[in-house]
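Pasting upload-v2.csv here (CSV, C-alpha atoms and all ligand atoms):
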```
chain,number,residue,atom,x,y,z
Y,1,MET,CA,55.9,107.9,-39.8
Y,2,TRP,CA,53.3,105.1,-39.6
Y,3,THR,CA,50.6,105.8,-37.0
Y,4,ASP,CA,47.1,104.7,-38.0
Y,5,PHE,CA,47.1,102.0,-40.7
Y,6,THR,CA,45.8,98.6,-41.7
Y,7,VAL,CA,48.0,95.7,-42.8
Y,8,LEU,CA,46.9,92.7,-44.9
Y,9,GLY,CA,49.4,89.9,-44.1
Y,10,ILE,CA,50.1,86.7,-46.1
Y,11,GLU,CA,51.9,83.6,-44.8
Y,12,SER,CA,52.9,80.8,-47.2
Y,13,SER,CA,56.3,79.6,-46.0
Y,14,CYS,CA,55.5,75.9,-45.5
Y,15,ASP,CA,52.3,73.9,-45.3
Y,16,GLU,CA,49.8,76.5,-44.0
Y,17,THR,CA,48.3,79.4,-46.1
Y,18,GLY,CA,47.3,82.2,-43.7
Y,19,VAL,CA,45.9,85.6,-44.4
Y,20,ALA,CA,45.0,88.3,-41.8
Y,21,LEU,CA,44.1,91.9,-41.3
Y,22,VAL,CA,45.7,93.8,-38.5
Y,23,ARG,CA,44.9,97.4,-37.5
Y,24,ALA,CA,47.5,99.7,-35.9
Y,25,ARG,CA,46.6,102.8,-33.9
Y,26,ALA,CA,49.1,105.4,-32.5
Y,27,GLY,CA,50.3,104.4,-29.1
Y,28,GLU,CA,48.4,101.0,-29.0
Y,29,VAL,CA,49.4,97.4,-29.6
Y,30,PRO,CA,48.1,96.6,-33.1
Y,31,ARG,CA,45.0,94.4,-33.0
Y,32,LEU,CA,43.7,91.5,-35.1
Y,33,LEU,CA,40.6,92.3,-37.1
Y,34,ALA,CA,40.3,88.9,-38.8
Y,35,HIS,CA,42.3,86.0,-39.9
Y,36,ALA,CA,41.8,82.8,-42.0
Y,37,LEU,CA,43.9,79.7,-42.4
Y,38,HIS,CA,44.1,76.7,-44.6
Y,39,THR,CA,46.2,73.8,-43.4
Y,40,GLN,CA,47.6,71.4,-45.9
Y,41,ILE,CA,48.2,68.7,-43.3
Y,42,SER,CA,45.7,66.2,-44.8
Y,43,MET,CA,47.2,66.7,-48.3
Y,44,HIS,CA,50.7,65.9,-47.1
Y,45,GLN,CA,49.7,63.1,-44.7
Y,46,ALA,CA,49.8,60.5,-47.4
Y,47,TYR,CA,53.5,61.2,-48.0
Y,48,GLY,CA,54.5,61.3,-44.3
Y,49,GLY,CA,55.8,64.9,-44.6
Y,50,VAL,CA,55.6,68.1,-46.6
Y,51,VAL,CA,56.0,67.8,-50.4
Y,52,PRO,CA,57.3,71.2,-51.5
Y,53,GLU,CA,55.8,71.3,-55.0
Y,54,LEU,CA,52.4,70.3,-53.7
Y,55,ALA,CA,52.6,72.9,-51.0
Y,56,SER,CA,53.3,75.7,-53.6
Y,57,ARG,CA,50.5,74.7,-55.8
Y,58,ASP,CA,48.0,74.5,-52.9
Y,59,HIS,CA,49.1,78.0,-51.7
Y,60,ILE,CA,48.2,79.3,-55.2
Y,61,ARG,CA,44.7,77.8,-54.9
Y,62,ARG,CA,44.0,79.1,-51.4
Y,63,VAL,CA,45.5,82.5,-51.0
Y,64,LEU,CA,42.9,84.7,-52.7
Y,65,PRO,CA,39.8,83.0,-51.4
Y,66,LEU,CA,41.3,83.3,-47.9
Y,67,ALA,CA,41.9,87.0,-48.5
Y,68,GLU,CA,38.3,87.4,-49.5
Y,69,THR,CA,37.1,85.6,-46.4
Y,70,VAL,CA,39.3,87.8,-44.1
Y,71,LEU,CA,38.0,91.0,-45.7
Y,72,ALA,CA,34.4,89.8,-45.4
Y,73,GLU,CA,34.9,88.8,-41.8
Y,74,ALA,CA,36.4,92.1,-40.9
Y,75,GLY,CA,33.6,93.9,-42.8
Y,76,GLU,CA,36.2,95.6,-45.0
Y,77,THR,CA,37.2,95.9,-48.6
Y,78,LEU,CA,40.6,96.1,-50.2
Y,79,ASP,CA,40.3,99.9,-49.9
Y,80,ALA,CA,41.0,99.6,-46.2
Y,81,VAL,CA,44.4,98.0,-46.8
Y,82,ASP,CA,47.3,100.4,-46.4
Y,83,VAL,CA,50.2,97.9,-46.5
Y,84,VAL,CA,50.5,94.4,-47.9
Y,85,ALA,CA,52.9,92.2,-45.9
Y,86,TYR,CA,54.1,88.7,-46.8
Y,87,THR,CA,56.5,86.1,-45.4
Y,88,ARG,CA,59.8,86.7,-47.2
Y,89,GLY,CA,61.7,83.8,-45.5
Y,90,PRO,CA,62.9,81.5,-44.1
Y,91,GLY,CA,60.9,78.6,-45.6
Y,92,LEU,CA,60.4,76.6,-48.8
Y,93,ALA,CA,61.4,78.7,-51.8
Y,94,GLY,CA,58.5,77.8,-54.0
Y,95,ALA,CA,55.9,78.3,-51.3
Y,96,LEU,CA,57.4,81.7,-50.3
Y,97,LEU,CA,57.3,82.8,-53.9
Y,98,VAL,CA,53.5,82.4,-54.0
Y,99,GLY,CA,52.8,84.7,-51.0
Y,100,ALA,CA,55.5,87.2,-52.2
Y,101,GLY,CA,54.1,87.2,-55.7
Y,102,VAL,CA,50.5,87.7,-54.6
Y,103,ALA,CA,51.4,90.4,-52.1
Y,104,CYS,CA,53.4,92.4,-54.6
Y,105,ALA,CA,50.8,92.1,-57.3
Y,106,LEU,CA,48.1,93.2,-54.8
Y,107,GLY,CA,50.3,96.1,-53.7
Y,108,ALA,CA,51.0,97.2,-57.3
Y,109,ALA,CA,47.2,96.9,-58.2
Y,110,LEU,CA,46.2,98.9,-55.1
Y,111,ALA,CA,49.2,101.3,-55.4
Y,112,LYS,CA,50.0,100.5,-51.7
Y,113,PRO,CA,53.4,99.6,-50.3
Y,114,VAL,CA,54.5,96.1,-49.5
Y,115,LEU,CA,56.7,94.7,-46.7
Y,116,GLY,CA,58.5,91.3,-46.6
Y,117,VAL,CA,58.5,89.9,-43.1
Y,118,HIS,CA,60.8,87.4,-41.4
Y,119,HIS,CA,58.8,84.3,-40.5
Y,120,LEU,CA,60.5,83.8,-37.1
Y,121,GLU,CA,60.0,87.4,-36.2
Y,122,GLY,CA,56.3,86.8,-36.8
Y,123,HIS,CA,56.5,83.9,-34.3
Y,124,VAL,CA,58.4,85.9,-31.7
Y,125,LEU,CA,55.9,88.8,-31.9
Y,126,SER,CA,52.8,86.5,-32.0
Y,127,PRO,CA,52.2,86.7,-28.2
Y,128,PHE,CA,51.5,90.5,-28.8
Y,129,LEU,CA,48.2,89.3,-30.3
Y,130,SER,CA,47.2,87.6,-27.1
Y,131,ALA,CA,45.0,89.1,-24.3
Y,132,ASP,CA,48.1,89.4,-22.1
Y,133,PRO,CA,50.8,91.0,-24.4
Y,134,PRO,CA,54.4,91.1,-23.1
Y,135,GLN,CA,56.5,94.1,-22.8
Y,136,PHE,CA,60.1,94.5,-24.0
Y,137,PRO,CA,62.7,93.4,-23.0
Y,138,PHE,CA,62.3,89.6,-22.8
Y,139,VAL,CA,64.0,86.3,-23.5
Y,140,ALA,CA,62.3,84.5,-26.4
Y,141,LEU,CA,62.2,80.7,-26.6
Y,142,LEU,CA,61.4,80.0,-30.3
Y,143,VAL,CA,60.4,76.4,-30.8
Y,144,SER,CA,59.1,75.9,-34.3
Y,145,GLY,CA,59.4,72.9,-36.7
Y,146,GLY,CA,62.7,74.0,-38.1
Y,147,HIS,CA,64.2,76.2,-35.4
Y,148,THR,CA,65.0,76.0,-31.7
Y,149,GLN,CA,66.5,79.3,-30.5
Y,150,LEU,CA,66.9,81.4,-27.4
Y,151,MET,CA,67.2,85.2,-27.9
Y,152,ALA,CA,67.4,88.3,-25.9
Y,153,VAL,CA,64.8,90.7,-27.4
Y,154,ARG,CA,65.2,94.3,-26.4
Y,155,GLU,CA,62.9,95.9,-28.9
Y,156,VAL,CA,61.2,95.2,-32.3
Y,157,GLY,CA,64.0,94.2,-34.6
Y,158,SER,CA,66.7,93.6,-31.9
Y,159,TYR,CA,67.2,89.8,-31.7
Y,160,GLU,CA,70.4,88.7,-30.0
Y,161,LEU,CA,70.9,85.0,-30.4
Y,162,LEU,CA,71.9,83.4,-27.1
Y,163,GLY,CA,71.8,79.8,-28.3
Y,164,GLU,CA,70.3,77.5,-30.8
Y,165,SER,CA,70.1,73.9,-31.9
Y,166,ILE,CA,73.3,72.6,-33.5
Y,167,ASP,CA,71.3,69.9,-35.3
Y,168,ASP,CA,67.6,69.0,-35.2
Y,169,ALA,CA,65.1,71.4,-33.8
Y,170,ALA,CA,62.8,70.4,-30.9
Y,171,GLY,CA,59.9,70.3,-33.3
Y,172,GLU,CA,61.9,67.9,-35.5
Y,173,ALA,CA,62.6,65.7,-32.5
Y,174,PHE,CA,58.9,65.5,-31.8
Y,175,ASP,CA,58.1,64.8,-35.5
Y,176,LYS,CA,60.9,62.3,-36.2
Y,177,SER,CA,60.3,60.4,-32.9
Y,178,ALA,CA,56.6,60.3,-33.7
Y,179,LYS,CA,57.2,59.0,-37.2
Y,180,LEU,CA,59.4,56.1,-36.0
Y,181,MET,CA,56.7,55.2,-33.5
Y,182,GLY,CA,54.2,55.1,-36.4
Y,183,LEU,CA,52.2,58.2,-35.2
Y,184,GLY,CA,52.2,60.0,-38.6
Y,185,TYR,CA,52.7,63.6,-39.6
Y,186,PRO,CA,52.8,66.1,-38.0
Y,187,GLY,CA,54.1,64.2,-35.1
Y,188,GLY,CA,54.2,66.8,-32.4
Y,189,PRO,CA,50.5,67.0,-31.6
Y,190,ALA,CA,50.0,63.2,-32.0
Y,191,LEU,CA,53.0,62.4,-29.8
Y,192,SER,CA,51.9,64.8,-27.0
Y,193,LYS,CA,48.4,63.5,-27.1
Y,194,LEU,CA,49.5,59.9,-26.6
Y,195,ALA,CA,52.0,61.1,-24.0
Y,196,GLU,CA,49.1,62.2,-21.7
Y,197,GLN,CA,48.3,58.5,-21.1
Y,198,GLY,CA,52.0,57.5,-20.5
Y,199,ASP,CA,54.6,57.7,-17.8
Y,200,GLY,CA,57.4,60.2,-18.6
Y,201,ALA,CA,59.8,58.4,-16.3
Y,202,ALA,CA,59.3,55.0,-17.8
Y,203,PHE,CA,62.3,55.1,-20.1
Y,204,LYS,CA,65.6,56.8,-19.5
Y,205,LEU,CA,66.3,58.9,-22.5
Y,206,PRO,CA,69.3,61.3,-23.0
Y,207,ARG,CA,68.9,65.1,-22.2
Y,208,PRO,CA,71.5,66.3,-24.8
Y,209,LEU,CA,73.6,69.2,-23.8
Y,210,LEU,CA,71.7,69.7,-20.6
Y,211,HIS,CA,74.9,70.4,-18.6
Y,212,SER,CA,76.9,71.9,-21.5
Y,213,GLY,CA,77.1,75.3,-19.8
Y,214,ASP,CA,76.0,77.1,-22.9
Y,215,LEU,CA,72.6,77.8,-24.4
Y,216,ASP,CA,72.8,75.5,-27.4
Y,217,PHE,CA,70.6,72.5,-28.1
Y,218,SER,CA,71.1,69.2,-29.8
Y,219,PHE,CA,68.2,66.8,-30.4
Y,220,ALA,CA,69.5,64.5,-33.1
Y,221,GLY,CA,70.8,62.0,-30.6
Y,222,LEU,CA,67.5,61.8,-28.8
Y,223,LYS,CA,65.8,60.5,-31.9
Y,224,THR,CA,68.4,57.7,-32.2
Y,225,ALA,CA,67.9,56.8,-28.6
Y,226,VAL,CA,64.1,56.6,-29.2
Y,227,LEU,CA,64.7,54.4,-32.2
Y,228,THR,CA,67.0,52.1,-30.2
Y,229,GLN,CA,64.4,51.9,-27.4
Y,230,ALA,CA,61.6,51.1,-29.9
Y,231,ARG,CA,63.7,48.3,-31.4
Y,232,LYS,CA,64.5,46.9,-28.0
Y,233,LEU,CA,60.8,46.8,-27.2
Y,234,GLY,CA,60.0,44.9,-30.4
Y,235,ASP,CA,56.5,43.3,-30.0
Y,236,GLU,CA,56.0,45.1,-26.8
Y,237,LEU,CA,56.2,48.5,-28.5
Y,238,ASP,CA,52.5,48.9,-29.1
Y,239,ALA,CA,51.7,48.3,-25.4
Y,240,ARG,CA,54.4,50.7,-24.2
Y,241,LYS,CA,54.0,53.4,-26.9
Y,242,ALA,CA,52.3,55.9,-24.6
Y,243,ASP,CA,55.2,55.5,-22.1
Y,244,LEU,CA,57.8,56.0,-24.8
Y,245,ALA,CA,55.9,59.0,-26.1
Y,246,ALA,CA,55.8,60.5,-22.6
Y,247,SER,CA,59.5,59.8,-22.0
Y,248,THR,CA,60.4,61.4,-25.3
Y,249,GLN,CA,58.4,64.5,-24.5
Y,250,ALA,CA,59.8,64.7,-21.0
Y,251,ALA,CA,63.4,64.6,-22.3
Y,252,ILE,CA,62.7,67.4,-24.8
Y,253,VAL,CA,60.8,69.5,-22.3
Y,254,ASP,CA,63.5,69.1,-19.6
Y,255,VAL,CA,66.1,70.6,-21.8
Y,256,LEU,CA,63.9,73.4,-23.1
Y,257,VAL,CA,62.9,74.4,-19.6
Y,258,ALA,CA,66.4,74.2,-18.1
Y,259,LYS,CA,68.0,76.2,-20.9
Y,260,SER,CA,65.2,78.9,-20.9
Y,261,MET,CA,65.8,79.5,-17.2
Y,262,SER,CA,69.6,79.7,-17.7
Y,263,ALA,CA,69.0,82.2,-20.6
Y,264,LEU,CA,66.9,84.4,-18.3
Y,265,LYS,CA,69.6,84.4,-15.7
Y,266,GLN,CA,72.3,85.1,-18.2
Y,267,ALA,CA,70.4,88.0,-19.8
Y,268,GLY,CA,69.3,89.3,-16.4
Y,269,MET,CA,65.7,89.4,-17.6
Y,270,LYS,CA,62.5,88.5,-15.8
Y,271,ARG,CA,60.2,88.0,-18.8
Y,272,LEU,CA,60.0,84.9,-21.1
Y,273,VAL,CA,58.1,84.7,-24.4
Y,274,VAL,CA,57.5,81.3,-25.9
Y,275,ALA,CA,56.7,81.1,-29.6
Y,276,GLY,CA,56.4,78.6,-32.4
Y,277,GLY,CA,54.5,75.3,-32.9
Y,278,VAL,CA,56.0,73.4,-30.0
Y,279,GLY,CA,54.8,76.3,-27.8
Y,280,ALA,CA,51.4,74.7,-28.0
Y,281,ASN,CA,52.7,71.7,-26.1
Y,282,ARG,CA,50.8,71.4,-22.8
Y,283,HIS,CA,53.5,69.7,-20.8
Y,284,LEU,CA,56.0,72.4,-21.9
Y,285,ARG,CA,53.6,75.1,-20.8
Y,286,GLU,CA,53.0,73.4,-17.4
Y,287,ARG,CA,56.7,72.9,-16.7
Y,288,LEU,CA,57.6,76.5,-17.8
Y,289,ASN,CA,54.8,78.0,-15.7
Y,290,ALA,CA,56.1,76.2,-12.7
Y,291,ALA,CA,59.8,77.1,-13.2
Y,292,CYS,CA,58.9,80.7,-14.0
Y,293,ALA,CA,56.6,81.1,-11.0
Y,294,LYS,CA,59.5,79.8,-8.8
Y,295,ALA,CA,62.0,82.2,-10.3
Y,296,GLY,CA,59.7,85.2,-10.3
Y,297,VAL,CA,59.5,85.3,-14.1
Y,298,ARG,CA,56.5,86.4,-16.1
Y,299,VAL,CA,55.8,84.0,-19.0
Y,300,HIS,CA,53.8,84.8,-22.2
Y,301,TYR,CA,52.5,82.5,-24.9
Y,302,PRO,CA,50.7,83.0,-28.2
Y,303,GLU,CA,47.0,82.0,-28.2
Y,304,LEU,CA,47.0,78.2,-28.8
Y,305,HIS,CA,45.6,78.5,-32.3
Y,306,LEU,CA,48.3,81.1,-33.2
Y,307,CYS,CA,51.3,78.9,-32.1
Y,308,THR,CA,51.7,77.2,-35.5
Y,309,ASP,CA,52.0,79.2,-38.7
Y,310,ASN,CA,49.4,81.8,-39.5
Y,311,GLY,CA,48.9,85.1,-41.3
Y,312,ALA,CA,48.1,87.1,-38.1
Y,313,MET,CA,51.7,86.9,-36.9
Y,314,ILE,CA,52.9,88.2,-40.3
Y,315,ALA,CA,50.5,91.1,-40.4
Y,316,MET,CA,51.4,91.8,-36.7
Y,317,ALA,CA,55.2,91.8,-37.2
Y,318,ALA,CA,54.8,94.1,-40.2
Y,319,ALA,CA,52.6,96.5,-38.1
Y,320,MET,CA,55.0,96.5,-35.2
Y,321,ARG,CA,58.1,97.0,-37.5
Y,322,LEU,CA,56.4,100.0,-39.1
Y,323,GLN,CA,55.1,101.4,-35.8
Y,324,ALA,CA,58.6,101.1,-34.3
Y,325,GLY,CA,60.2,102.7,-37.4
Y,326,ALA,CA,62.4,99.6,-37.8
Y,327,GLU,CA,61.7,99.6,-41.5
Y,328,ASP,CA,59.6,101.2,-44.1
Y,329,ALA,CA,57.3,99.5,-46.6
Y,330,SER,CA,58.3,99.7,-50.2
Y,331,THR,CA,56.6,100.7,-53.4
Y,332,CYS,CA,59.1,98.7,-55.5
Y,333,TYR,CA,57.2,95.6,-56.4
Y,334,ALA,CA,60.1,93.5,-57.6
Y,335,PHE,CA,60.6,90.8,-55.0
Y,336,ASP,CA,62.9,88.0,-53.9
Y,337,VAL,CA,62.5,85.5,-51.1
Y,338,LYS,CA,65.0,84.3,-48.6
Y,339,PRO,CA,64.6,80.5,-48.0
Y,340,ARG,CA,67.5,80.9,-45.5
Y,341,TRP,CA,67.6,84.0,-43.4
Y,342,ALA,CA,69.1,84.6,-39.9
Y,343,ILE,CA,66.8,86.5,-37.5
Y,344,ASP,CA,69.7,88.3,-35.8
Y,345,SER,CA,70.5,90.0,-39.2
Y,346,LEU,CA,67.4,92.1,-38.7
Y,347,SER,CA,67.7,95.6,-37.3
Y,348,ALA,CA,65.8,97.8,-34.9
Y,349,ALA,CA,64.9,101.5,-35.5
Y,350,PRO,CA,68.0,103.7,-36.1
Y,351,VAL,CA,68.7,105.9,-33.0
C,401,LIG,O1,56.0,77.0,-36.0
C,401,LIG,P1,55.5,75.9,-36.8
C,401,LIG,O2,54.1,75.9,-37.2
C,401,LIG,O3,56.3,75.7,-38.1
C,401,LIG,C1,57.5,76.2,-38.4
C,401,LIG,O4,57.7,77.4,-38.6
C,401,LIG,O5,58.4,75.3,-38.5
C,401,LIG,O6,55.8,74.6,-35.9
C,401,LIG,C2,55.5,73.3,-36.4
C,401,LIG,C3,56.1,72.3,-35.4
C,401,LIG,C4,56.0,70.9,-35.8
C,401,LIG,O7,57.3,70.3,-35.6
C,401,LIG,C5,54.9,70.3,-34.9
C,401,LIG,O8,55.1,68.9,-34.7
C,401,LIG,C6,55.1,71.1,-33.7
C,401,LIG,O9,55.4,72.4,-34.1
C,401,LIG,N1,54.0,71.1,-32.8
C,401,LIG,C7,54.0,70.5,-31.5
C,401,LIG,C8,52.7,70.7,-31.0
C,401,LIG,N2,51.9,71.3,-31.9
C,401,LIG,C9,52.7,71.6,-33.0
C,401,LIG,N3,54.9,69.9,-30.9
C,401,LIG,C10,54.7,69.4,-29.6
C,401,LIG,N4,53.4,69.5,-29.1
C,401,LIG,C11,52.4,70.1,-29.7
C,401,LIG,N5,51.2,70.2,-29.1
C,402,ZN,ZN,56.6,78.7,-38.3
```

Can you present the structure in this file as structure tokens?
Ligand code: KG4
Ligand code: ZN
Amino acid sequence: MWTDFTVLGIESSCDETGVALVRARAGEVPRLLAHALHTQISMHQAYGGVVPELASRDHIRRVLPLAETVLAEAGETLDAVDVVAYTRGPGLAGALLVGAGVACALGAALAKPVLGVHHLEGHVLSPFLSADPPQFPFVALLVSGGHTQLMAVREVGSYELLGESIDDAAGEAFDKSAKLMGLGYPGGPALSKLAEQGDGAAFKLPRPLLHSGDLDFSFAGLKTAVLTQARKLGDELDARKADLAASTQAAIVDVLVAKSMSALKQAGMKRLVVAGGVGANRHLRERLNAACAKAGVRVHYPELHLCTDNGAMIAMAAAMRLQAGAEDASTCYAFDVKPRWAIDSLSAAPV
């Protein structure tokens, strides 16, 4: 039974190296002692997207210095670490192997157990690190770069998929639309910044599957519609770019808000948790806040700086899994990673 313990968490699934220290106490929500992050954005920018091999090599360079920073910031040494957690998947295979290798080597050297964490479970549980943590059960809207999913979450480890994107994720729709507007990588933050100066009703863009009656999403067609509109504008594109950005954002947000509200109704729940990089989007937050206030639903978000990938959410997910008895950490230091891994294959504590 895990009661009072400290987790060192390592995230390396894509283009951010994150390390964090989280402390768990019996009967309390685990709390963050320190975290450190290195983003590879500037390194990948020259290529317009993430280059997997460069990502892996950079994780190797960053991970141990980040761990030293975190321990120093927390005023701790490796002696304080009871469990080493790492992102086991989903993500880029080579990038995942760096975090997994370092975590298992550290665990073996310290003779402490290790735990491989599902990256998306980290996102879903990241609002528990905020000043206003949610309570179970809730509907989760997970909007990361690679995933758009609605889930009914009843407890740690119990993730019932209600709907998901059948093609591009919302984050991809932001990124790809931004790219074809010449806004660079990563497109989400750039597009949403430009959208603040534009009119979201300027262009009529499709709201795919808005009235499909289910909770699935499809964003691939939207990107094509943005491309068609951009071509139609021709020389005028530069002058109308903010309007096109605002209209694209409005289309994505409309669908996310409508489906989240339907999911709450279908699950009979009054609590919504938003997680993943797109959860940092201001327009999405404003629209969800308004819709939830109207429906009497409480909505929770991660702290803005913990919406995108970080080590804190990995250490937190490990701490919560151990606290809940959903899993035990292992002293077998052989590891494998899972570049593809369905979140609804995880399990809760046995009853
Ligand atoms: O969760 P995340 O860091 O990575 C994955 O696990 O995939 O999410 C990254 C995604 C990218 O698509 C990025 O463009 C998007 O989140 N994003 C945003 C914003 N900040 C990050 N999208 C819209 N508005 C934002 N403010
Ligand atoms: Zn992520």

*Just give me the residues with any atom within 6 Å of (47.9, 84.0, -42.8), file coordinates, counting all atoms listed in the file, written as a list in words.*
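Checking each residue against the 6 Å limit leaves Ile10, Glu11, Thr17, Gly18, Val19, Ala20, Leu37, Asn310, Gly311 and Ala312 of chain Y.
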
*Within 7 Å of (45.6, 96.2, -41.2), in the coordinates the file gives, what residues turn up when you count only C-alpha atoms, written out as a list of chain:residue names?*
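Output of the proximity query reads Y:Phe5, Y:Thr6, Y:Val7, Y:Leu8, Y:Leu21, Y:Val22, Y:Arg23, Y:Ala24, Y:Val81, Y:Asp82.
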
Could you write out the selected residues, including C-alpha atoms, as a PDB file, in the coordinates of the input?
```pdb
ATOM      1  CA  PHE Y   5      47.100 102.000 -40.700  1.00  0.00           C
ATOM      2  CA  THR Y   6      45.800  98.600 -41.700  1.00  0.00           C
ATOM      3  CA  VAL Y   7      48.000  95.700 -42.800  1.00  0.00           C
ATOM      4  CA  LEU Y   8      46.900  92.700 -44.900  1.00  0.00           C
ATOM      5  CA  LEU Y  21      44.100  91.900 -41.300  1.00  0.00           C
ATOM      6  CA  VAL Y  22      45.700  93.800 -38.500  1.00  0.00           C
ATOM      7  CA  ARG Y  23      44.900  97.400 -37.500  1.00  0.00           C
ATOM      8  CA  ALA Y  24      47.500  99.700 -35.900  1.00  0.00           C
ATOM      9  CA  VAL Y  81      44.400  98.000 -46.800  1.00  0.00           C
ATOM     10  CA  ASP Y  82      47.300 100.400 -46.400  1.00  0.00           C
TER      11      ASP Y  82
END
```

*Enumerate as number ranges by chain the residues within 7 Å of ligand LIG 401 (chain C), counting all atoms listed in the file.*
Y: 143-147, 171-172, 174-175, 186-189, 192, 276-282, 307-309

Output for the residues just chosen: C-alpha atoms as a compact mmCIF listing (two decimals), in the frame of the given file:
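The file below, selection.txt, is the result:
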```txt
# COMPACT_ATOMS: atom_id res chain seq x y z
CA VAL Y 143 60.40 76.40 -30.80
CA SER Y 144 59.10 75.90 -34.30
CA GLY Y 145 59.40 72.90 -36.70
CA GLY Y 146 62.70 74.00 -38.10
CA HIS Y 147 64.20 76.20 -35.40
CA GLY Y 171 59.90 70.30 -33.30
CA GLU Y 172 61.90 67.90 -35.50
CA PHE Y 174 58.90 65.50 -31.80
CA ASP Y 175 58.10 64.80 -35.50
CA PRO Y 186 52.80 66.10 -38.00
CA GLY Y 187 54.10 64.20 -35.10
CA GLY Y 188 54.20 66.80 -32.40
CA PRO Y 189 50.50 67.00 -31.60
CA SER Y 192 51.90 64.80 -27.00
CA GLY Y 276 56.40 78.60 -32.40
CA GLY Y 277 54.50 75.30 -32.90
CA VAL Y 278 56.00 73.40 -30.00
CA GLY Y 279 54.80 76.30 -27.80
CA ALA Y 280 51.40 74.70 -28.00
CA ASN Y 281 52.70 71.70 -26.10
CA ARG Y 282 50.80 71.40 -22.80
CA CYS Y 307 51.30 78.90 -32.10
CA THR Y 308 51.70 77.20 -35.50
CA ASP Y 309 52.00 79.20 -38.70
```

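Put simply, atom CA of Y:Leu54 is 23.1 Å away from atom CA of Y:Gly182.
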
*What's the 9 Å shell around Y:Ile60, counting only C-alpha atoms, without same-chain residues fewer than 2 positions away, as a ChimeraX atom specification?*
/Y:55-58,62-64,95,98-99,102

If you keep C-alpha atoms, can you produce a file of those selected residues as a PDB file, keeping the file's coordinate frame?
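Dumped to selection.pdb:
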```
ATOM      1  CA  ALA Y  55      52.600  72.900 -51.000  1.00  0.00           C
ATOM      2  CA  SER Y  56      53.300  75.700 -53.600  1.00  0.00           C
ATOM      3  CA  ARG Y  57      50.500  74.700 -55.800  1.00  0.00           C
ATOM      4  CA  ASP Y  58      48.000  74.500 -52.900  1.00  0.00           C
ATOM      5  CA  ARG Y  62      44.000  79.100 -51.400  1.00  0.00           C
ATOM      6  CA  VAL Y  63      45.500  82.500 -51.000  1.00  0.00           C
ATOM      7  CA  LEU Y  64      42.900  84.700 -52.700  1.00  0.00           C
ATOM      8  CA  ALA Y  95      55.900  78.300 -51.300  1.00  0.00           C
ATOM      9  CA  VAL Y  98      53.500  82.400 -54.000  1.00  0.00           C
ATOM     10  CA  GLY Y  99      52.800  84.700 -51.000  1.00  0.00           C
ATOM     11  CA  VAL Y 102      50.500  87.700 -54.600  1.00  0.00           C
TER      12      VAL Y 102
END
```

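Compared by their closest atoms to Y:Ala140, and using all atoms listed in the file, the residues Y:Ala267, Y:Cys332, Y:Ala324, Y:Leu191 rank with Y:Ala267 nearest.
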
_Gap from atom CA of Y:Gln323 to atom CA of Y:Pro137 - Å, one decimal_ =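 Here the two named atoms are 16.9 Å from each other.
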
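Atom to atom, atom CA of Y:Phe219 and atom CA of Y:Ala173 stand 6.1 Å apart.
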
_Near-Y:Ala100 list (12 Å; all atoms listed in the file; drop same-chain fewer than 3 positions) as a PyMOL selection string_ = chain Y and resi 9-13+56+59-60+63+84-89+93-97+103-107+114-117+333-338

Can you pull out the residues contacting Y:Asp214? Cut-off 12 Å, using all atoms listed in the file, and skip same-chain residues under 3 positions away; I want them as a PDB file with C-alpha atoms, in the frame of the given file.
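part36.pdb, freshly written:
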```
ATOM      1  CA  LEU Y 150      66.900  81.400 -27.400  1.00  0.00           C
ATOM      2  CA  LEU Y 162      71.900  83.400 -27.100  1.00  0.00           C
ATOM      3  CA  GLY Y 163      71.800  79.800 -28.300  1.00  0.00           C
ATOM      4  CA  GLU Y 164      70.300  77.500 -30.800  1.00  0.00           C
ATOM      5  CA  SER Y 165      70.100  73.900 -31.900  1.00  0.00           C
ATOM      6  CA  ILE Y 166      73.300  72.600 -33.500  1.00  0.00           C
ATOM      7  CA  PRO Y 208      71.500  66.300 -24.800  1.00  0.00           C
ATOM      8  CA  LEU Y 209      73.600  69.200 -23.800  1.00  0.00           C
ATOM      9  CA  LEU Y 210      71.700  69.700 -20.600  1.00  0.00           C
ATOM     10  CA  HIS Y 211      74.900  70.400 -18.600  1.00  0.00           C
ATOM     11  CA  PHE Y 217      70.600  72.500 -28.100  1.00  0.00           C
ATOM     12  CA  SER Y 218      71.100  69.200 -29.800  1.00  0.00           C
ATOM     13  CA  VAL Y 255      66.100  70.600 -21.800  1.00  0.00           C
ATOM     14  CA  ALA Y 258      66.400  74.200 -18.100  1.00  0.00           C
ATOM     15  CA  LYS Y 259      68.000  76.200 -20.900  1.00  0.00           C
ATOM     16  CA  SER Y 260      65.200  78.900 -20.900  1.00  0.00           C
ATOM     17  CA  MET Y 261      65.800  79.500 -17.200  1.00  0.00           C
ATOM     18  CA  SER Y 262      69.600  79.700 -17.700  1.00  0.00           C
ATOM     19  CA  ALA Y 263      69.000  82.200 -20.600  1.00  0.00           C
ATOM     20  CA  GLN Y 266      72.300  85.100 -18.200  1.00  0.00           C
TER      21      GLN Y 266
END
```

*Of the candidates Y:Gly91, Y:His35, Y:Gly49, Y:Leu222, which shows the shortest atom-to-atom distance to Y:Thr69, using only C-alpha atoms?*
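The shortest atom-to-atom distance to Y:Thr69 comes from Y:His35.
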
_Counting all atoms listed in the file, which residue out of Y:Leu284, Y:Lys179, Y:Ile343, Y:Ala246 sits closest to Y:Gly48?_
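The answer is Y:Lys179, which sits nearest to Y:Gly48.
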
_Between Y:Tyr301, Y:Ala195, Y:Leu180, Y:Leu288, which residue has the minimum interatomic distance to Y:Arg231, considering all atoms listed in the file?_
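For Y:Arg231, the nearest of the given residues is Y:Leu180.
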